[in-house]
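See below for the structure under consideration.
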Amino acid sequence: ARHIRRLLATENAVRRLAEEHVPLRVEPELVRPQTIAQRLSPDALHQGLLAEADPLPSPELEDIAPAGIVLVLDQITDPHNVGAISRSAAAFAVSAIVTTARHSPEATGVLAKSASGALEYVPLVTVTNLARALAALKERGFLVVGLDSSGAVDFAEAAIRSPLALVLGAEGKGLRHLTLATCDQVARLDVPGKIKSLNVSNAAALALYLANKRLAAA
């Protein structure tokens with residue numbers, strides 16, 4: 001569904017695309033690896049390919065069907081984390097990811113590569129005020145559960161139902177006070193080891209696994 005304007009590719013990348021029979025809607029421009037590297041940030045591993053593409057349309061909050069699971073990200077700024085969360089969201093059939101217009105990464109190549117294709121399958125919904133967005137989801141029937149170390153109950157034992165909105169906060173800061181206050185309930189992820197906290201993308205994957213198993217059994 002994404003309109004690709006331009007595709008830069010190294011000789012090796014063009015050969016791999018041909019060997020894997022990847023259909024191309026745009027004729028690749030053959031370039032040297034340095035040409036691609038110069039157009040990217042130092043931490044972007046391009047593997048010989050760079051696509052210049054139009055962004056996918058961003059749906060509105062009211063466009064999200066009141067069913068299944070929605071992920072809500074409270075000022076998670078690392079594009080690698082958001083990309084990894086998007087990948088897990090696609091794997092667990094999440095309906096949409098809701099992020100804030102400020103203090104959230106743009107859908108750049110770094111985020112897209114970390115997402116491993118998930119940006120094409122999981123819509124990103126951008127809102128200006130997260131508390132209002134959570135209130136709107138509640139009005140549409142969503143149970144809003146915040147995941148935070150301050151939670152009174154282990155998420156594995158929390159009372160959940162569909163449609164479900166899971167809210168994740170930035171590492172270190174966690175969920176903001178107003179976000180916590182807006183949630184229907186706040187739960188923690190109990191782990192048995194010496195380290196009690198998880199990377200936010202790992203926490204998202206664990207929570208989605210638990211939620212899917214429990215909702216399927218309900």
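Just remember, in the structure tokens the first chain shown is A, the second B, etc., residues are 1-based per chain, and ligands are 1-based in the order shown.
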
With range 159-178 of chain A as the partner and 9 Å as the cut-off, tabulate the residues of range 62-128 of chain A that qualify, each row holding the nearest pair of atoms and their distance in Å to one decimal, using only C-alpha atoms, sorted by chain and rising number, as a tab-separated table.
```
residue	atom	partner	partner_atom	distance
A:Ala65	CA	A:Pro163	CA	8.9
A:Pro66	CA	A:Pro163	CA	5.8
A:Ala67	CA	A:Pro163	CA	4.4
A:Gly68	CA	A:Pro163	CA	4.9
A:Ile69	CA	A:Leu164	CA	4.8
A:Val70	CA	A:Ala165	CA	4.7
A:Leu71	CA	A:Leu166	CA	5.0
A:Val72	CA	A:Val167	CA	4.6
A:Leu73	CA	A:Leu168	CA	5.1
A:Asp74	CA	A:Gly169	CA	4.7
A:Gln75	CA	A:Ala170	CA	5.9
A:Ile76	CA	A:Ala170	CA	4.6
A:Thr77	CA	A:Ala170	CA	7.3
A:Asp78	CA	A:Ala170	CA	8.8
```

Would you mind exporting the chosen residues as a tab-separated table (two decimals), in the first residue's frame, restricted to N, CA, C and O atoms?
```
chain	number	residue	atom	x	y	z
A	65	ALA	N	-11.37	-0.08	15.27
A	65	ALA	CA	-12.52	-0.91	15.62
A	65	ALA	C	-12.45	-1.29	17.10
A	65	ALA	O	-11.37	-1.65	17.60
A	66	PRO	N	-13.57	-1.21	17.83
A	66	PRO	CA	-13.57	-1.57	19.25
A	66	PRO	C	-13.53	-3.09	19.43
A	66	PRO	O	-14.52	-3.72	19.83
A	67	ALA	N	-12.39	-3.68	19.13
A	67	ALA	CA	-12.23	-5.13	19.23
A	67	ALA	C	-10.74	-5.44	19.38
A	67	ALA	O	-9.89	-4.65	18.98
A	68	GLY	N	-10.44	-6.60	19.95
A	68	GLY	CA	-9.05	-7.03	20.05
A	68	GLY	C	-8.23	-6.17	21.00
A	68	GLY	O	-8.71	-5.69	22.01
A	69	ILE	N	-6.96	-5.95	20.61
A	69	ILE	CA	-6.00	-5.24	21.46
A	69	ILE	C	-5.41	-4.05	20.72
A	69	ILE	O	-5.09	-4.13	19.54
A	70	VAL	N	-5.30	-2.95	21.45
A	70	VAL	CA	-4.61	-1.75	20.97
A	70	VAL	C	-3.46	-1.47	21.93
A	70	VAL	O	-3.61	-1.63	23.15
A	71	LEU	N	-2.31	-1.07	21.39
A	71	LEU	CA	-1.18	-0.66	22.21
A	71	LEU	C	-1.12	0.87	22.26
A	71	LEU	O	-1.28	1.52	21.22
A	72	VAL	N	-0.87	1.41	23.43
A	72	VAL	CA	-0.73	2.86	23.60
A	72	VAL	C	0.65	3.13	24.19
A	72	VAL	O	1.02	2.56	25.22
A	73	LEU	N	1.42	4.00	23.53
A	73	LEU	CA	2.79	4.28	23.96
A	73	LEU	C	2.86	5.69	24.55
A	73	LEU	O	2.56	6.67	23.88
A	74	ASP	N	3.28	5.75	25.81
A	74	ASP	CA	3.35	7.03	26.53
A	74	ASP	C	4.77	7.58	26.48
A	74	ASP	O	5.61	7.27	27.32
A	75	GLN	N	5.05	8.37	25.44
A	75	GLN	CA	6.33	9.06	25.27
A	75	GLN	C	7.53	8.10	25.23
A	75	GLN	O	8.55	8.34	25.86
A	76	ILE	N	7.40	7.02	24.47
A	76	ILE	CA	8.54	6.15	24.20
A	76	ILE	C	9.25	6.72	22.98
A	76	ILE	O	8.70	6.76	21.88
A	77	THR	N	10.48	7.18	23.17
A	77	THR	CA	11.15	7.98	22.14
A	77	THR	C	12.18	7.22	21.31
A	77	THR	O	12.56	7.69	20.25
A	78	ASP	N	12.65	6.07	21.77
A	78	ASP	CA	13.69	5.33	21.06
A	78	ASP	C	13.08	4.63	19.85
A	78	ASP	O	12.22	3.75	20.01
```

**OP:** Mind listing the strand (DSSP E) residues of range 49-218 of chain A, per DSSP on the backbone, as JSON, numbers by chain?
**Re:** {"A": [49, 50, 51, 52, 53, 69, 70, 71, 72, 73, 74, 96, 97, 98, 99, 100, 124, 125, 126, 127, 143, 144, 145, 146, 147, 153, 154, 164, 165, 166, 167, 168, 169, 185, 186, 187, 188]}

Next, write the just-selected residues to a file, as a PDB file, in the first residue's frame, keeping C-alpha atoms as the atom set.
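The result, stored in part22.pdb:
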```pdb
ATOM      1  CA  LEU A  49      18.892  -0.881  -0.021  1.00  0.00           C
ATOM      2  CA  LEU A  50      17.233   2.483   0.526  1.00  0.00           C
ATOM      3  CA  ALA A  51      13.641   3.276  -0.450  1.00  0.00           C
ATOM      4  CA  GLU A  52      12.229   6.793  -0.541  1.00  0.00           C
ATOM      5  CA  ALA A  53       8.517   6.342   0.083  1.00  0.00           C
ATOM      6  CA  ILE A  69      -5.997  -5.243  21.457  1.00  0.00           C
ATOM      7  CA  VAL A  70      -4.611  -1.752  20.972  1.00  0.00           C
ATOM      8  CA  LEU A  71      -1.182  -0.658  22.214  1.00  0.00           C
ATOM      9  CA  VAL A  72      -0.735   2.861  23.601  1.00  0.00           C
ATOM     10  CA  LEU A  73       2.790   4.284  23.959  1.00  0.00           C
ATOM     11  CA  ASP A  74       3.347   7.026  26.528  1.00  0.00           C
ATOM     12  CA  ALA A  96      -3.319  -0.247  16.114  1.00  0.00           C
ATOM     13  CA  ILE A  97      -0.552   1.541  17.994  1.00  0.00           C
ATOM     14  CA  VAL A  98      -1.435   4.921  19.514  1.00  0.00           C
ATOM     15  CA  THR A  99       1.414   7.394  20.041  1.00  0.00           C
ATOM     16  CA  THR A 100       1.691  11.077  20.905  1.00  0.00           C
ATOM     17  CA  LEU A 124       0.085   4.166  13.765  1.00  0.00           C
ATOM     18  CA  VAL A 125      -2.443   6.569  15.267  1.00  0.00           C
ATOM     19  CA  THR A 126      -1.001   9.901  16.419  1.00  0.00           C
ATOM     20  CA  VAL A 127      -2.792  11.952  19.087  1.00  0.00           C
ATOM     21  CA  LEU A 143     -10.638  -1.578  29.010  1.00  0.00           C
ATOM     22  CA  VAL A 144      -7.512   0.543  29.543  1.00  0.00           C
ATOM     23  CA  VAL A 145      -4.744  -1.222  31.462  1.00  0.00           C
ATOM     24  CA  GLY A 146      -1.481   0.533  32.248  1.00  0.00           C
ATOM     25  CA  LEU A 147       1.645  -1.600  32.640  1.00  0.00           C
ATOM     26  CA  VAL A 153      -1.684  -6.696  40.629  1.00  0.00           C
ATOM     27  CA  ASP A 154       0.379  -8.980  38.410  1.00  0.00           C
ATOM     28  CA  LEU A 164      -8.270  -4.039  25.503  1.00  0.00           C
ATOM     29  CA  ALA A 165      -5.888  -1.066  25.403  1.00  0.00           C
ATOM     30  CA  LEU A 166      -2.460  -1.774  26.914  1.00  0.00           C
ATOM     31  CA  VAL A 167      -0.484   1.330  27.895  1.00  0.00           C
ATOM     32  CA  LEU A 168       3.327   1.245  28.042  1.00  0.00           C
ATOM     33  CA  GLY A 169       5.606   3.992  29.325  1.00  0.00           C
ATOM     34  CA  GLN A 185      -6.353  -0.379  36.231  1.00  0.00           C
ATOM     35  CA  VAL A 186      -2.568  -0.545  36.540  1.00  0.00           C
ATOM     36  CA  ALA A 187      -0.764  -3.882  36.511  1.00  0.00           C
ATOM     37  CA  ARG A 188       2.840  -4.992  36.798  1.00  0.00           C
TER      38      ARG A 188
END
```

Subject >> Who sits within 10 Å of Ala89 in chain A, only C-alpha atoms, same chain under 5 positions skipped, as a VMD selection string >> reply: chain A and resid 69 to 71 83 to 84 94 to 97 115 118 to 119 121 to 122 204 to 205 208

Produce a file of the selected residues containing all heavy atoms, as an mmCIF file, in the first residue's frame.
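Once everything was written out, this is again.cif:
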```
data_model
loop_
_atom_site.group_PDB
_atom_site.id
_atom_site.type_symbol
_atom_site.label_atom_id
_atom_site.label_comp_id
_atom_site.auth_asym_id
_atom_site.auth_seq_id
_atom_site.Cartn_x
_atom_site.Cartn_y
_atom_site.Cartn_z
ATOM 1 N N ILE A 69 -6.959 -5.951 20.606
ATOM 2 C CA ILE A 69 -5.997 -5.243 21.457
ATOM 3 C C ILE A 69 -5.414 -4.048 20.723
ATOM 4 O O ILE A 69 -5.092 -4.131 19.538
ATOM 5 C CB ILE A 69 -4.847 -6.184 21.882
ATOM 6 C CG1 ILE A 69 -5.388 -7.391 22.648
ATOM 7 C CG2 ILE A 69 -3.818 -5.443 22.749
ATOM 8 C CD1 ILE A 69 -4.330 -8.430 22.981
ATOM 9 N N VAL A 70 -5.303 -2.953 21.455
ATOM 10 C CA VAL A 70 -4.611 -1.752 20.972
ATOM 11 C C VAL A 70 -3.459 -1.474 21.929
ATOM 12 O O VAL A 70 -3.607 -1.627 23.153
ATOM 13 C CB VAL A 70 -5.584 -0.550 20.917
ATOM 14 C CG1 VAL A 70 -4.824 0.764 20.775
ATOM 15 C CG2 VAL A 70 -6.566 -0.707 19.764
ATOM 16 N N LEU A 71 -2.311 -1.074 21.389
ATOM 17 C CA LEU A 71 -1.182 -0.658 22.214
ATOM 18 C C LEU A 71 -1.115 0.865 22.256
ATOM 19 O O LEU A 71 -1.278 1.520 21.221
ATOM 20 C CB LEU A 71 0.142 -1.189 21.655
ATOM 21 C CG LEU A 71 0.526 -2.631 21.971
ATOM 22 C CD1 LEU A 71 1.883 -2.954 21.347
ATOM 23 C CD2 LEU A 71 0.559 -2.901 23.461
ATOM 24 N N GLY A 83 10.126 0.356 17.060
ATOM 25 C CA GLY A 83 10.135 -0.599 15.959
ATOM 26 C C GLY A 83 9.951 -2.020 16.444
ATOM 27 O O GLY A 83 9.165 -2.796 15.871
ATOM 28 N N ALA A 84 10.666 -2.391 17.516
ATOM 29 C CA ALA A 84 10.530 -3.740 18.063
ATOM 30 C C ALA A 84 9.121 -3.974 18.610
ATOM 31 O O ALA A 84 8.559 -5.065 18.459
ATOM 32 C CB ALA A 84 11.570 -3.955 19.165
ATOM 33 N N VAL A 94 -2.248 -6.982 16.766
ATOM 34 C CA VAL A 94 -2.738 -5.757 17.408
ATOM 35 C C VAL A 94 -3.431 -4.874 16.371
ATOM 36 O O VAL A 94 -2.962 -4.743 15.239
ATOM 37 C CB VAL A 94 -1.558 -5.007 18.075
ATOM 38 C CG1 VAL A 94 -1.926 -3.595 18.459
ATOM 39 C CG2 VAL A 94 -1.066 -5.784 19.283
ATOM 40 N N SER A 95 -4.545 -4.274 16.760
ATOM 41 C CA SER A 95 -5.345 -3.479 15.817
ATOM 42 C C SER A 95 -4.654 -2.177 15.424
ATOM 43 O O SER A 95 -4.742 -1.739 14.276
ATOM 44 C CB SER A 95 -6.714 -3.154 16.430
ATOM 45 O OG SER A 95 -7.399 -4.328 16.780
ATOM 46 N N ALA A 96 -3.966 -1.532 16.383
ATOM 47 C CA ALA A 96 -3.319 -0.247 16.114
ATOM 48 C C ALA A 96 -2.371 0.083 17.253
ATOM 49 O O ALA A 96 -2.473 -0.473 18.357
ATOM 50 C CB ALA A 96 -4.358 0.868 15.961
ATOM 51 N N ILE A 97 -1.441 0.983 16.968
ATOM 52 C CA ILE A 97 -0.552 1.541 17.994
ATOM 53 C C ILE A 97 -0.835 3.030 18.082
ATOM 54 O O ILE A 97 -0.801 3.736 17.071
ATOM 55 C CB ILE A 97 0.929 1.302 17.652
ATOM 56 C CG1 ILE A 97 1.247 -0.197 17.651
ATOM 57 C CG2 ILE A 97 1.833 2.030 18.647
ATOM 58 C CD1 ILE A 97 2.657 -0.521 17.190
ATOM 59 N N ALA A 115 11.245 -2.517 12.888
ATOM 60 C CA ALA A 115 9.904 -3.105 12.855
ATOM 61 C C ALA A 115 9.812 -4.310 11.928
ATOM 62 O O ALA A 115 8.829 -5.051 11.972
ATOM 63 C CB ALA A 115 8.888 -2.043 12.429
ATOM 64 N N ALA A 118 6.601 -4.454 10.028
ATOM 65 C CA ALA A 118 5.356 -4.289 10.786
ATOM 66 C C ALA A 118 4.654 -2.971 10.506
ATOM 67 O O ALA A 118 3.427 -2.869 10.663
ATOM 68 C CB ALA A 118 5.634 -4.414 12.284
ATOM 69 N N LEU A 119 5.396 -1.934 10.095
ATOM 70 C CA LEU A 119 4.753 -0.642 9.814
ATOM 71 C C LEU A 119 3.740 -0.756 8.689
ATOM 72 O O LEU A 119 2.835 0.068 8.568
ATOM 73 C CB LEU A 119 5.806 0.413 9.451
ATOM 74 C CG LEU A 119 6.712 0.915 10.575
ATOM 75 C CD1 LEU A 119 7.595 2.051 10.073
ATOM 76 C CD2 LEU A 119 5.906 1.364 11.780
ATOM 77 N N TYR A 121 1.655 -3.202 8.407
ATOM 78 C CA TYR A 121 0.507 -3.996 8.857
ATOM 79 C C TYR A 121 -0.212 -3.420 10.072
ATOM 80 O O TYR A 121 -1.402 -3.691 10.258
ATOM 81 C CB TYR A 121 0.958 -5.424 9.190
ATOM 82 C CG TYR A 121 1.574 -6.146 8.018
ATOM 83 C CD1 TYR A 121 2.933 -6.431 7.988
ATOM 84 C CD2 TYR A 121 0.802 -6.530 6.927
ATOM 85 C CE1 TYR A 121 3.508 -7.082 6.913
ATOM 86 C CE2 TYR A 121 1.364 -7.177 5.845
ATOM 87 C CZ TYR A 121 2.715 -7.457 5.842
ATOM 88 O OH TYR A 121 3.282 -8.093 4.777
ATOM 89 N N VAL A 122 0.504 -2.682 10.913
ATOM 90 C CA VAL A 122 -0.118 -2.146 12.133
ATOM 91 C C VAL A 122 -0.220 -0.634 12.003
ATOM 92 O O VAL A 122 0.796 0.061 11.975
ATOM 93 C CB VAL A 122 0.705 -2.512 13.393
ATOM 94 C CG1 VAL A 122 -0.022 -2.028 14.648
ATOM 95 C CG2 VAL A 122 0.947 -4.010 13.462
ATOM 96 N N ALA A 204 6.391 -5.376 26.228
ATOM 97 C CA ALA A 204 5.248 -5.364 25.314
ATOM 98 C C ALA A 204 4.978 -6.760 24.763
ATOM 99 O O ALA A 204 3.826 -7.215 24.721
ATOM 100 C CB ALA A 204 5.504 -4.387 24.169
ATOM 101 N N ALA A 205 6.030 -7.462 24.346
ATOM 102 C CA ALA A 205 5.857 -8.806 23.791
ATOM 103 C C ALA A 205 5.287 -9.760 24.843
ATOM 104 O O ALA A 205 4.372 -10.549 24.547
ATOM 105 C CB ALA A 205 7.196 -9.321 23.265
ATOM 106 N N LEU A 208 1.596 -8.874 25.517
ATOM 107 C CA LEU A 208 0.742 -9.284 24.400
ATOM 108 C C LEU A 208 0.542 -10.791 24.388
ATOM 109 O O LEU A 208 -0.560 -11.278 24.092
ATOM 110 C CB LEU A 208 1.345 -8.816 23.076
ATOM 111 C CG LEU A 208 1.259 -7.314 22.806
ATOM 112 C CD1 LEU A 208 2.064 -6.943 21.567
ATOM 113 C CD2 LEU A 208 -0.201 -6.880 22.644
#
```

Subject >> Two-atom distance - CA of Pro105 in chain A, CA of Tyr209 in chain A (Å) >> reply: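 Between CA of Pro105 in chain A and CA of Tyr209 in chain A the gap is 24.8 Å.
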
**OP:** Rounded to one decimal place, report the CA of Ala207 in chain A-CA of Ala93 in chain A distance in Å.
**Re:**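 Rounded to one decimal, the two atoms are 13.2 Å apart.
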
Original post:
What are the DSSP alpha helix (DSSP H) residues of range 20-117 of chain A, as a list in words?
Top reply: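 So, restricting range 20-117 of chain A to alpha helix (DSSP H), we get Pro33, Gln34, Thr35, Ile36, Ala37, Pro79, His80, Asn81, Val82, Gly83, Ala84, Ile85, Ser86, Arg87, Ser88, Ala89, Ala90, Ala91, Gly109, Val110, Leu111, Ala112, Lys113, Ser114 and Ala115 of chain A.
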
Original post:
From the set A:Ala112, A:Val22, A:Val14, A:Ile64, which residue has the shortest atom-to-atom contact distance to Gly48 in chain A, counting only C-alpha atoms?
Top reply: A:Val14

**OP:** Would you work out the distance separating CA of Pro33 in chain A from CA of Arg6 in chain A, expressed in Å to one decimal?
**Re:**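 Answer for the CA of Pro33 in chain A to CA of Arg6 in chain A separation: 15.9 Å.
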